[in-house]
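Working notes, structure below.
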Amino acid sequence: FEYKETTQTALSSLADADGNIIVDGIQYFQPSDFFLARLFPVHTTQFLLDWSNDLVPYWVAVLAIPWIVKACIIMPTTVYQARRYESVIHLMPNALEEYAYLHNLKKQHTKWDNVKTYGSFQKEYSEREREVKGRYPFNPYAQDLKKLIPMALQIPIHMALFYATRTMYPTYPGWKEGGTAWFTDLSIGDPYYFWPAISALTLIYNGLALTQNKALQQAYPNLPMKAMLGGVSAAALFTIPVMGMLPVGLNIYIVSNVISFSMQSAILQNAKFRSLCGLKPESYVQEMAKVISKKNKELSRIVNTGAHQKFDQEIKGKRGAQGKLGRRVKLKTTN
């Protein structure tokens, strides 16, 4: 705490009339200069970076952080969420069908013309809803959103490190000499644009891997893959002069993060790793994804066009063969 007070006093002495921090003719931004930086633990991240400097140089710490975060937080969360999803994936097509039936049923009976019979309908609807929830102990519409949880966990980490590496100096003077070779100063841009060029190459490589992904090609056969790759490549090349204006410390973090993400994706698709973690083969997941996608398109057409009477009758016939309304049927999820 005393160190922080001393640092703030020193920074105040460096500020000009407008409050800008200028050292040797170069203006340095502070976390307070960015609104979003106030929403994330930037100061705590900077303190941890400074603490890690007692063990390794700053540039090594920045290079290692994305790998540590993915190994300790993102990968375990992704595997856990994937196992939960794959345990119910075989039930998804039927669950979507049942929930669509309930949606259509409620949509039909909540019209103004049927307002007089709504009370008796509500009882029947509640019984059918309980039966469906007993048969499928999950919400099929929420499964895709749950897969975004690992991605959501990365947002505060990335944002905190983005602003922390950009605003380390002069609050932490050692940051200015925390690099090596030609990039000894982590607080300014790379004079040779080496790190920005590496960042652009990693983005192009990721774009190439994405456009060659068989699962993506099967799910979206009409996507212009070559045009997508060209767009990604052009955008990556455009980032070189932009990244050259940002501090080297931030460039190192971005490069390390992109490469570690590529490695994470490759590991998650590896058959031996999936078997070791109890995940189903990638081919099975892709096949079920196609079945679910086809079912979603079919049900979307039925719900949006209102052509649901025949569909309702078909489902009702299936339900009649399964037993009395309201009966709870428990289905075990697969491991």
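Convention: chains lettered A, B, ... in structure tokens order; per-chain residue numbering from 1; ligands numbered from 1 as shown.
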Spatial neighbours of range 298-300 of chain A, 9 Å, only C-alpha atoms, chain gap at least 5 places, as JSON, numbers by chain: {"A": [96, 97, 100, 293, 305]}
Those same residues, written as an mmCIF file, in the first residue's frame with C-alpha atoms?
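Result written to out-v6.cif:
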data_model
loop_
_atom_site.group_PDB
_atom_site.id
_atom_site.type_symbol
_atom_site.label_atom_id
_atom_site.label_comp_id
_atom_site.auth_asym_id
_atom_site.auth_seq_id
_atom_site.Cartn_x
_atom_site.Cartn_y
_atom_site.Cartn_z
ATOM 1 C CA LEU A 96 -35.978 -30.509 -29.183
ATOM 2 C CA GLU A 97 -38.999 -32.172 -30.756
ATOM 3 C CA ALA A 100 -41.211 -27.639 -29.858
ATOM 4 C CA SER A 293 -28.758 -29.009 -36.860
ATOM 5 C CA THR A 305 -44.737 -21.014 -40.429
#
Using CA of Tyr253 in chain A and CA of Pro66 in chain A as the two end points, give the distance in Å to one decimal. 7.4 Å
Quick one: residues within 12 Å of Gly249 in chain A, only C-alpha atoms, excluding same-chain residues fewer than 3 positions away - as a PDB file with N, CA and C atoms, in the first residue's frame?
ATOM      1  N   LEU A  49       2.143  -9.514 -12.000  1.00  0.00           N
ATOM      2  CA  LEU A  49       3.233  -9.505 -12.976  1.00  0.00           C
ATOM      3  C   LEU A  49       4.539  -9.057 -12.323  1.00  0.00           C
ATOM      4  N   PRO A  57      12.163 -13.109 -15.797  1.00  0.00           N
ATOM      5  CA  PRO A  57      12.046 -11.785 -16.432  1.00  0.00           C
ATOM      6  C   PRO A  57      10.600 -11.492 -16.844  1.00  0.00           C
ATOM      7  N   TYR A  58      10.296 -10.214 -16.966  1.00  0.00           N
ATOM      8  CA  TYR A  58       8.939  -9.806 -17.331  1.00  0.00           C
ATOM      9  C   TYR A  58       8.475 -10.472 -18.626  1.00  0.00           C
ATOM     10  N   TRP A  59       9.334 -10.486 -19.646  1.00  0.00           N
ATOM     11  CA  TRP A  59       8.895 -10.988 -20.949  1.00  0.00           C
ATOM     12  C   TRP A  59       8.595 -12.483 -20.894  1.00  0.00           C
ATOM     13  N   VAL A  60       9.326 -13.218 -20.060  1.00  0.00           N
ATOM     14  CA  VAL A  60       9.049 -14.649 -19.895  1.00  0.00           C
ATOM     15  C   VAL A  60       7.705 -14.854 -19.185  1.00  0.00           C
ATOM     16  N   ALA A  61       7.431 -14.033 -18.176  1.00  0.00           N
ATOM     17  CA  ALA A  61       6.156 -14.137 -17.456  1.00  0.00           C
ATOM     18  C   ALA A  61       4.986 -13.875 -18.392  1.00  0.00           C
ATOM     19  N   VAL A  62       5.087 -12.818 -19.205  1.00  0.00           N
ATOM     20  CA  VAL A  62       4.005 -12.492 -20.148  1.00  0.00           C
ATOM     21  C   VAL A  62       3.829 -13.606 -21.168  1.00  0.00           C
ATOM     22  N   LEU A  63       4.932 -14.192 -21.603  1.00  0.00           N
ATOM     23  CA  LEU A  63       4.871 -15.277 -22.576  1.00  0.00           C
ATOM     24  C   LEU A  63       4.220 -16.529 -21.985  1.00  0.00           C
ATOM     25  N   LEU A 161      -5.230  -8.400 -18.643  1.00  0.00           N
ATOM     26  CA  LEU A 161      -3.852  -8.479 -19.138  1.00  0.00           C
ATOM     27  C   LEU A 161      -3.607  -7.494 -20.278  1.00  0.00           C
ATOM     28  N   PHE A 162      -4.626  -7.237 -21.083  1.00  0.00           N
ATOM     29  CA  PHE A 162      -4.492  -6.265 -22.174  1.00  0.00           C
ATOM     30  C   PHE A 162      -4.132  -4.888 -21.616  1.00  0.00           C
ATOM     31  N   TYR A 163      -4.888  -4.439 -20.638  1.00  0.00           N
ATOM     32  CA  TYR A 163      -4.636  -3.116 -20.076  1.00  0.00           C
ATOM     33  C   TYR A 163      -3.424  -3.114 -19.141  1.00  0.00           C
ATOM     34  N   ALA A 164      -3.179  -4.238 -18.472  1.00  0.00           N
ATOM     35  CA  ALA A 164      -2.037  -4.307 -17.549  1.00  0.00           C
ATOM     36  C   ALA A 164      -0.718  -4.186 -18.309  1.00  0.00           C
ATOM     37  N   THR A 165      -0.562  -4.943 -19.403  1.00  0.00           N
ATOM     38  CA  THR A 165       0.689  -4.904 -20.164  1.00  0.00           C
ATOM     39  C   THR A 165       0.852  -3.585 -20.928  1.00  0.00           C
ATOM     40  N   ARG A 166      -0.250  -2.919 -21.185  1.00  0.00           N
ATOM     41  CA  ARG A 166      -0.170  -1.654 -21.917  1.00  0.00           C
ATOM     42  C   ARG A 166       0.151  -0.468 -21.006  1.00  0.00           C
ATOM     43  N   THR A 167      -0.094  -0.624 -19.703  1.00  0.00           N
ATOM     44  CA  THR A 167       0.035   0.515 -18.794  1.00  0.00           C
ATOM     45  C   THR A 167       0.985   0.229 -17.629  1.00  0.00           C
ATOM     46  N   MET A 168       1.904  -0.714 -17.779  1.00  0.00           N
ATOM     47  CA  MET A 168       2.799  -1.077 -16.677  1.00  0.00           C
ATOM     48  C   MET A 168       3.778   0.057 -16.320  1.00  0.00           C
ATOM     49  N   TYR A 169       4.316   0.706 -17.319  1.00  0.00           N
ATOM     50  CA  TYR A 169       5.316   1.757 -17.091  1.00  0.00           C
ATOM     51  C   TYR A 169       4.630   3.114 -17.120  1.00  0.00           C
ATOM     52  N   TRP A 175       9.668  -2.546 -15.823  1.00  0.00           N
ATOM     53  CA  TRP A 175       9.032  -2.970 -17.070  1.00  0.00           C
ATOM     54  C   TRP A 175       9.778  -2.423 -18.284  1.00  0.00           C
ATOM     55  N   LYS A 176      10.368  -1.257 -18.138  1.00  0.00           N
ATOM     56  CA  LYS A 176      11.064  -0.630 -19.266  1.00  0.00           C
ATOM     57  C   LYS A 176      12.277  -1.431 -19.695  1.00  0.00           C
ATOM     58  N   GLU A 177      12.858  -2.191 -18.789  1.00  0.00           N
ATOM     59  CA  GLU A 177      14.024  -3.009 -19.107  1.00  0.00           C
ATOM     60  C   GLU A 177      13.734  -4.492 -18.902  1.00  0.00           C
ATOM     61  N   GLY A 178      12.477  -4.864 -19.047  1.00  0.00           N
ATOM     62  CA  GLY A 178      12.078  -6.240 -18.783  1.00  0.00           C
ATOM     63  C   GLY A 178      12.157  -7.169 -19.964  1.00  0.00           C
ATOM     64  N   GLY A 179      12.652  -6.682 -21.113  1.00  0.00           N
ATOM     65  CA  GLY A 179      12.740  -7.520 -22.303  1.00  0.00           C
ATOM     66  C   GLY A 179      14.122  -8.114 -22.478  1.00  0.00           C
ATOM     67  N   THR A 180      14.423  -8.498 -23.694  1.00  0.00           N
ATOM     68  CA  THR A 180      15.732  -9.069 -24.009  1.00  0.00           C
ATOM     69  C   THR A 180      16.017  -8.805 -25.489  1.00  0.00           C
ATOM     70  N   PHE A 183      14.329  -6.221 -28.097  1.00  0.00           N
ATOM     71  CA  PHE A 183      13.127  -5.637 -27.478  1.00  0.00           C
ATOM     72  C   PHE A 183      13.312  -5.532 -25.961  1.00  0.00           C
ATOM     73  N   THR A 184      14.372  -4.857 -25.551  1.00  0.00           N
ATOM     74  CA  THR A 184      14.634  -4.714 -24.110  1.00  0.00           C
ATOM     75  C   THR A 184      13.579  -3.853 -23.426  1.00  0.00           C
ATOM     76  N   ASP A 185      13.023  -2.877 -24.150  1.00  0.00           N
ATOM     77  CA  ASP A 185      12.014  -1.973 -23.579  1.00  0.00           C
ATOM     78  C   ASP A 185      10.625  -2.502 -23.923  1.00  0.00           C
ATOM     79  N   LEU A 186       9.925  -2.998 -22.923  1.00  0.00           N
ATOM     80  CA  LEU A 186       8.579  -3.548 -23.145  1.00  0.00           C
ATOM     81  C   LEU A 186       7.499  -2.484 -23.165  1.00  0.00           C
ATOM     82  N   SER A 187       7.860  -1.229 -22.894  1.00  0.00           N
ATOM     83  CA  SER A 187       6.854  -0.169 -22.783  1.00  0.00           C
ATOM     84  C   SER A 187       6.618   0.572 -24.089  1.00  0.00           C
ATOM     85  N   ILE A 188       7.425   0.281 -25.120  1.00  0.00           N
ATOM     86  CA  ILE A 188       7.266   0.952 -26.413  1.00  0.00           C
ATOM     87  C   ILE A 188       7.089  -0.105 -27.501  1.00  0.00           C
ATOM     88  N   GLY A 189       6.819   0.360 -28.720  1.00  0.00           N
ATOM     89  CA  GLY A 189       6.611  -0.563 -29.825  1.00  0.00           C
ATOM     90  C   GLY A 189       7.894  -1.240 -30.278  1.00  0.00           C
ATOM     91  N   ASP A 190       7.725  -2.348 -30.994  1.00  0.00           N
ATOM     92  CA  ASP A 190       8.876  -3.096 -31.522  1.00  0.00           C
ATOM     93  C   ASP A 190       9.484  -2.309 -32.681  1.00  0.00           C
ATOM     94  N   TRP A 195       7.511  -8.740 -33.583  1.00  0.00           N
ATOM     95  CA  TRP A 195       6.373  -9.308 -32.854  1.00  0.00           C
ATOM     96  C   TRP A 195       5.043  -9.032 -33.555  1.00  0.00           C
ATOM     97  N   PRO A 196       4.826  -7.826 -34.120  1.00  0.00           N
ATOM     98  CA  PRO A 196       3.594  -7.630 -34.898  1.00  0.00           C
ATOM     99  C   PRO A 196       3.494  -8.567 -36.101  1.00  0.00           C
ATOM    100  N   MET A 243      -0.325  -2.960 -34.572  1.00  0.00           N
ATOM    101  CA  MET A 243       0.335  -3.606 -33.438  1.00  0.00           C
ATOM    102  C   MET A 243       1.711  -3.005 -33.191  1.00  0.00           C
ATOM    103  N   GLY A 244       2.343  -2.480 -34.245  1.00  0.00           N
ATOM    104  CA  GLY A 244       3.650  -1.860 -34.072  1.00  0.00           C
ATOM    105  C   GLY A 244       3.600  -0.612 -33.212  1.00  0.00           C
ATOM    106  N   MET A 245       2.425  -0.006 -33.108  1.00  0.00           N
ATOM    107  CA  MET A 245       2.282   1.191 -32.271  1.00  0.00           C
ATOM    108  C   MET A 245       1.993   0.843 -30.816  1.00  0.00           C
ATOM    109  N   LEU A 246       1.721  -0.423 -30.536  1.00  0.00           N
ATOM    110  CA  LEU A 246       1.423  -0.852 -29.165  1.00  0.00           C
ATOM    111  C   LEU A 246       2.695  -1.372 -28.496  1.00  0.00           C
ATOM    112  N   ILE A 252       3.763  -9.407 -27.139  1.00  0.00           N
ATOM    113  CA  ILE A 252       4.188 -10.739 -26.702  1.00  0.00           C
ATOM    114  C   ILE A 252       3.006 -11.515 -26.146  1.00  0.00           C
ATOM    115  N   TYR A 253       2.174 -10.851 -25.362  1.00  0.00           N
ATOM    116  CA  TYR A 253       1.006 -11.526 -24.795  1.00  0.00           C
ATOM    117  C   TYR A 253       0.050 -11.986 -25.886  1.00  0.00           C
ATOM    118  N   ILE A 254      -0.206 -11.140 -26.874  1.00  0.00           N
ATOM    119  CA  ILE A 254      -1.142 -11.493 -27.951  1.00  0.00           C
ATOM    120  C   ILE A 254      -0.623 -12.687 -28.745  1.00  0.00           C
ATOM    121  N   VAL A 255       0.661 -12.673 -29.095  1.00  0.00           N
ATOM    122  CA  VAL A 255       1.251 -13.788 -29.848  1.00  0.00           C
ATOM    123  C   VAL A 255       1.156 -15.079 -29.049  1.00  0.00           C
ATOM    124  N   SER A 256       1.525 -15.023 -27.786  1.00  0.00           N
ATOM    125  CA  SER A 256       1.477 -16.218 -26.944  1.00  0.00           C
ATOM    126  C   SER A 256       0.053 -16.727 -26.781  1.00  0.00           C
TER     127      SER A 256
END
Taking only range 71-319 of chain A into account, list the residues labelled alpha helix (DSSP H) by DSSP (computed from the backbone), as a ChimeraX atom specification. /A:75-86,92-109,118-135,143-146,149-166,194-211,214-219,225-244,248-268,271-276,282-305,309-319
Nearest to Tyr141 in chain A, chosen from A:Tyr80, A:Pro41, A:Tyr99, A:Lys123, with only C-alpha atoms counted in the distances: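 For Tyr141 in chain A, the nearest of the given residues is A:Tyr99.
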